[in-house]
Amino acid sequence: MRASSPPTGRSALVIINPVSGPGRRAVDACSVQAREVLARGGFDVQVRVTTAPGDARQMSAKALGDGVSRVVAWGGDGTLNEVGSALAFSKVPMAIVPGGSGNGLARDLGIPLDARPALELAATGGVRVIDAGQIDQNLFFNVAGVGLDAAIAERLASPHACRGLPGYVQATLAELLRYQACSYVIVTASGRMERRAWFIAVANSPQYGNGAQIAPAARVDDGRLDLVVVEPQPLGRLLRRVPAFFRGSLAPAEGLHMAQVDEATIMSEAAIRYHVDGEPRLGGSAIHVRVRPRALHVISR
């Protein structure tokens, strides 16, 4: 879908997460660059730096109340989740400067991975409206997941975790060696199924990041969520699917169930650990998933 021309705006808040991604970024240099590029685009610019989880959401909510015309999120999918959750269902758009380990949503939206061209797009790009997913009261804009997916997210959320693709591979291998599959009941409009699963991914966009596409058919603006159930399987079969995982050609097969849904209920005997855009959460023994169409305005090409 081609982005429309952006509404005229005069003020921009840039929120920088200095610790997302592979290494700590130089905040002063980032601030100068953001002010310079966005000022050339005609914006009065404020810069705020996060120091703790939840800061980006609070800063965005305040900016929304103050009448800012766009918010620039400089960080990873977790930072984007906080900013997007605050701006959702308003007309104030979120612009993205990718600064995370995987940058899944940014990659899907075609946002440049380098800061300067991403800032230039933040100043001059058009507005696109995308969907959100929701698990219980938590919104997500890229991918959410239950089970092994959530265990990996929890490991990566540790302050001492290795970042980037090597960190993701390390965390995945570590969890695979210890993780025990769980039994789930999944209820959708198509019916009820019982599965023993390593994990259940719920995707609004195709990829976790770094090109790893768990739901190649997912689209951020199709009004649906893609549900992917991965059952326990021999290591050899799993390894044979890795190339398709990175090529974007995963398809339903033995031990791999895929479906598009508007909503679903996932039930288990124990409390369900899940993540939204890589941010760990703990639910009850049943969680409710649904799509929220046209939830967020984003700056895009």
# chains A, B, ... in the order shown; residues from 1 in each chain; ligands from 1
>>> select_by_dssp(residues="stretch 34-261 of chain A", states="strand (DSSP E or B)", output="VMD selection string")
chain A and resid 44 to 49 70 to 75 94 to 98 103 126 to 135 138 to 140 143 to 147 182 to 188 191 to 197 199 to 203 207 to 209 212 to 213 225 to 230 253 256 to 261
>>> residues_around(residues="stretch 45-61 of chain A", least_positions_apart="5", cutoff="9 Å", atoms="only C-alpha atoms", output="VMD selection string")
chain A and resid 10 to 19 27 31 34 to 36 38 to 39 66 71 73 79 to 87
>>> closest_residue(among="A:Gly191, A:Pro216, A:Gly147, A:Gly209", to="A:Gly283", atoms="only C-alpha atoms")
A:Gly147
>>> closest_residue(among="A:Ala215, A:Ala88, A:Leu176, A:Ala118", to="A:Ile152", atoms="only C-alpha atoms")
A:Leu176
>>> closest_residue(among="A:Ala153, A:Val261, A:Gly133, A:Val146", to="A:Ser190", atoms="only C-alpha atoms")
A:Val261
>>> closest_residue(among="A:Leu239, A:Ala251, A:Ala259, A:Val37", to="A:Leu225", atoms="only C-alpha atoms")
A:Ala259
>>> closest_residue(among="A:Leu282, A:Ala189, A:Val127, A:Ala271", to="A:Glu154", atoms="only C-alpha atoms")
A:Leu282
>>> residues_around(residues="stretch 278-281 of chain A", least_positions_apart="6", cutoff="8 Å", atoms="only C-alpha atoms", output="PDB file with N, CA and C atoms, in the first residue's frame")
ATOM      1  N   ASP A  77      12.293  -3.259  18.989  1.00  0.00           N
ATOM      2  CA  ASP A  77      10.859  -3.539  18.952  1.00  0.00           C
ATOM      3  C   ASP A  77      10.185  -3.286  20.301  1.00  0.00           C
ATOM      4  N   GLY A  78      10.918  -3.459  21.409  1.00  0.00           N
ATOM      5  CA  GLY A  78      10.336  -3.172  22.715  1.00  0.00           C
ATOM      6  C   GLY A  78      10.047  -1.693  22.902  1.00  0.00           C
ATOM      7  N   VAL A 143       5.391  -9.153  16.470  1.00  0.00           N
ATOM      8  CA  VAL A 143       5.105 -10.558  16.749  1.00  0.00           C
ATOM      9  C   VAL A 143       4.989 -10.775  18.253  1.00  0.00           C
ATOM     10  N   ALA A 144       4.027 -11.575  18.654  1.00  0.00           N
ATOM     11  CA  ALA A 144       3.893 -12.029  20.041  1.00  0.00           C
ATOM     12  C   ALA A 144       4.049 -13.542  20.045  1.00  0.00           C
ATOM     13  N   ALA A 150       8.425 -17.234  24.348  1.00  0.00           N
ATOM     14  CA  ALA A 150       8.423 -16.351  25.511  1.00  0.00           C
ATOM     15  C   ALA A 150       9.644 -16.591  26.393  1.00  0.00           C
ATOM     16  N   ALA A 153      12.456 -14.788  24.807  1.00  0.00           N
ATOM     17  CA  ALA A 153      12.294 -13.348  25.038  1.00  0.00           C
ATOM     18  C   ALA A 153      12.704 -12.974  26.457  1.00  0.00           C
ATOM     19  N   GLU A 154      12.343 -13.822  27.419  1.00  0.00           N
ATOM     20  CA  GLU A 154      12.701 -13.538  28.811  1.00  0.00           C
ATOM     21  C   GLU A 154      14.214 -13.589  28.995  1.00  0.00           C
ATOM     22  N   ALA A 157      15.723 -10.498  27.541  1.00  0.00           N
ATOM     23  CA  ALA A 157      15.397  -9.286  28.296  1.00  0.00           C
ATOM     24  C   ALA A 157      16.350  -9.043  29.459  1.00  0.00           C
TER      25      ALA A 157
END
>>> select_by_dssp(residues="stretch 30-77 of chain A", states="alpha helix (DSSP H)", output="NGL selection string")
:A and (30-40 or 55-66 or 77)
>>> closest_residue(among="A:Tyr184, A:Tyr208, A:Phe141, A:Phe89", to="A:Arg107", atoms="only C-alpha atoms")
A:Tyr208
>>> atom_distance(atom1="atom CA of A:Ser285", atom2="atom CA of A:Ala132")
23.0 Å
>>> atom_distance(atom1="atom CA of A:Arg237", atom2="atom CA of A:Ala151")
21.5 Å
>>> residues_around(residues="A:Gly67", least_positions_apart="3", cutoff="10 Å", atoms="only C-alpha atoms", output="mmCIF file with C-alpha atoms, in the first residue's frame")
data_model
loop_
_atom_site.group_PDB
_atom_site.id
_atom_site.type_symbol
_atom_site.label_atom_id
_atom_site.label_comp_id
_atom_site.auth_asym_id
_atom_site.auth_seq_id
_atom_site.Cartn_x
_atom_site.Cartn_y
_atom_site.Cartn_z
ATOM 1 C CA SER A 11 6.784 19.496 16.550
ATOM 2 C CA ALA A 12 8.509 16.172 17.004
ATOM 3 C CA LYS A 62 2.653 13.047 27.690
ATOM 4 C CA ALA A 63 3.608 14.151 24.175
ATOM 5 C CA LEU A 64 0.199 13.067 22.932
ATOM 6 C CA ARG A 70 4.850 13.023 15.647
ATOM 7 C CA VAL A 92 -0.330 11.088 15.921
#
>>> residues_around(residues="A:Ile299", least_positions_apart="3", cutoff="10 Å", atoms="only C-alpha atoms", output="ChimeraX atom specification")
/A:3-6,70-72,92-96,109,111,121-129
>>> write_last_selection(atoms="N, CA and C atoms", output="mmCIF file, in the first residue's frame")
data_model
loop_
_atom_site.group_PDB
_atom_site.id
_atom_site.type_symbol
_atom_site.label_atom_id
_atom_site.label_comp_id
_atom_site.auth_asym_id
_atom_site.auth_seq_id
_atom_site.Cartn_x
_atom_site.Cartn_y
_atom_site.Cartn_z
ATOM 1 N N ALA A 3 2.108 4.891 0.832
ATOM 2 C CA ALA A 3 1.844 5.828 1.918
ATOM 3 C C ALA A 3 1.325 7.141 1.341
ATOM 4 N N SER A 4 0.411 7.763 2.076
ATOM 5 C CA SER A 4 -0.107 9.062 1.673
ATOM 6 C C SER A 4 0.819 10.161 2.162
ATOM 7 N N SER A 5 0.603 11.376 1.697
ATOM 8 C CA SER A 5 1.420 12.486 2.172
ATOM 9 C C SER A 5 1.136 12.756 3.633
ATOM 10 N N PRO A 6 2.176 13.102 4.415
ATOM 11 C CA PRO A 6 1.965 13.305 5.844
ATOM 12 C C PRO A 6 1.229 14.598 6.117
ATOM 13 N N ARG A 70 4.371 14.387 15.882
ATOM 14 C CA ARG A 70 4.850 13.023 15.647
ATOM 15 C C ARG A 70 5.876 12.657 16.707
ATOM 16 N N VAL A 71 5.971 11.359 16.953
ATOM 17 C CA VAL A 71 6.922 10.836 17.928
ATOM 18 C C VAL A 71 7.861 9.894 17.194
ATOM 19 N N VAL A 72 9.153 10.118 17.381
ATOM 20 C CA VAL A 72 10.173 9.297 16.751
ATOM 21 C C VAL A 72 10.734 8.335 17.796
ATOM 22 N N VAL A 92 -1.738 10.690 15.852
ATOM 23 C CA VAL A 92 -0.330 11.088 15.921
ATOM 24 C C VAL A 92 0.534 9.919 15.467
ATOM 25 N N PRO A 93 1.347 10.104 14.427
ATOM 26 C CA PRO A 93 2.113 8.974 13.899
ATOM 27 C C PRO A 93 3.411 8.717 14.665
ATOM 28 N N MET A 94 3.840 7.468 14.604
ATOM 29 C CA MET A 94 5.129 7.061 15.136
ATOM 30 C C MET A 94 6.102 6.907 13.973
ATOM 31 N N ALA A 95 7.262 7.546 14.090
ATOM 32 C CA ALA A 95 8.361 7.316 13.152
ATOM 33 C C ALA A 95 9.389 6.429 13.849
ATOM 34 N N ILE A 96 10.201 5.746 13.048
ATOM 35 C CA ILE A 96 11.098 4.729 13.598
ATOM 36 C C ILE A 96 12.532 4.988 13.161
ATOM 37 N N LEU A 109 8.525 -2.629 7.385
ATOM 38 C CA LEU A 109 8.006 -1.363 6.878
ATOM 39 C C LEU A 109 8.967 -0.690 5.902
ATOM 40 N N ILE A 111 11.948 0.596 6.633
ATOM 41 C CA ILE A 111 12.671 1.712 7.251
ATOM 42 C C ILE A 111 14.176 1.474 7.101
ATOM 43 N N LEU A 121 13.662 9.979 6.693
ATOM 44 C CA LEU A 121 12.324 9.448 6.413
ATOM 45 C C LEU A 121 11.342 9.890 7.492
ATOM 46 N N ALA A 122 11.793 9.916 8.748
ATOM 47 C CA ALA A 122 10.922 10.362 9.850
ATOM 48 C C ALA A 122 10.436 11.788 9.619
ATOM 49 N N ALA A 123 11.273 12.600 8.974
ATOM 50 C CA ALA A 123 10.913 13.998 8.731
ATOM 51 C C ALA A 123 10.064 14.182 7.482
ATOM 52 N N THR A 124 10.235 13.306 6.480
ATOM 53 C CA THR A 124 9.624 13.565 5.177
ATOM 54 C C THR A 124 8.678 12.470 4.684
ATOM 55 N N GLY A 125 8.627 11.353 5.378
ATOM 56 C CA GLY A 125 7.836 10.233 4.886
ATOM 57 C C GLY A 125 6.339 10.455 4.971
ATOM 58 N N GLY A 126 5.602 9.549 4.357
ATOM 59 C CA GLY A 126 4.149 9.587 4.402
ATOM 60 C C GLY A 126 3.608 8.794 5.577
ATOM 61 N N VAL A 127 2.305 8.864 5.749
ATOM 62 C CA VAL A 127 1.649 8.183 6.867
ATOM 63 C C VAL A 127 0.938 6.934 6.358
ATOM 64 N N ARG A 128 1.192 5.841 7.046
ATOM 65 C CA ARG A 128 0.538 4.572 6.759
ATOM 66 C C ARG A 128 -0.153 4.101 8.029
ATOM 67 N N VAL A 129 -1.309 3.482 7.906
ATOM 68 C CA VAL A 129 -2.042 3.000 9.072
ATOM 69 C C VAL A 129 -1.927 1.481 9.126
#
>>> residues_around(residues="A:Pro243", least_positions_apart="5", cutoff="12 Å", atoms="only C-alpha atoms", output="tab-separated table (two decimals) with N, CA and C atoms, in the first residue's frame")
chain	number	residue	atom	x	y	z
A	211	GLY	N	15.70	-10.95	9.36
A	211	GLY	CA	15.25	-11.77	8.25
A	211	GLY	C	14.61	-13.08	8.62
A	212	ALA	N	14.45	-13.36	9.92
A	212	ALA	CA	13.87	-14.62	10.38
A	212	ALA	C	12.35	-14.52	10.33
A	213	GLN	N	11.73	-15.12	9.31
A	213	GLN	CA	10.30	-14.93	9.05
A	213	GLN	C	9.50	-16.13	9.53
A	214	ILE	N	8.83	-15.96	10.66
A	214	ILE	CA	8.02	-17.02	11.23
A	214	ILE	C	6.66	-17.11	10.56
A	237	ARG	N	14.68	-32.48	11.55
A	237	ARG	CA	13.61	-31.82	10.81
A	237	ARG	C	13.62	-30.32	11.06
A	238	LEU	N	13.86	-29.95	12.32
A	238	LEU	CA	13.91	-28.53	12.66
A	238	LEU	C	15.02	-27.83	11.90
A	248	GLY	N	11.95	-16.85	4.06
A	248	GLY	CA	10.56	-16.42	4.03
A	248	GLY	C	9.67	-17.37	3.29
A	249	SER	N	9.99	-18.67	3.36
A	249	SER	CA	9.19	-19.65	2.62
A	249	SER	C	8.63	-20.75	3.52
A	250	LEU	N	8.58	-20.52	4.84
A	250	LEU	CA	7.93	-21.50	5.72
A	250	LEU	C	6.49	-21.71	5.27
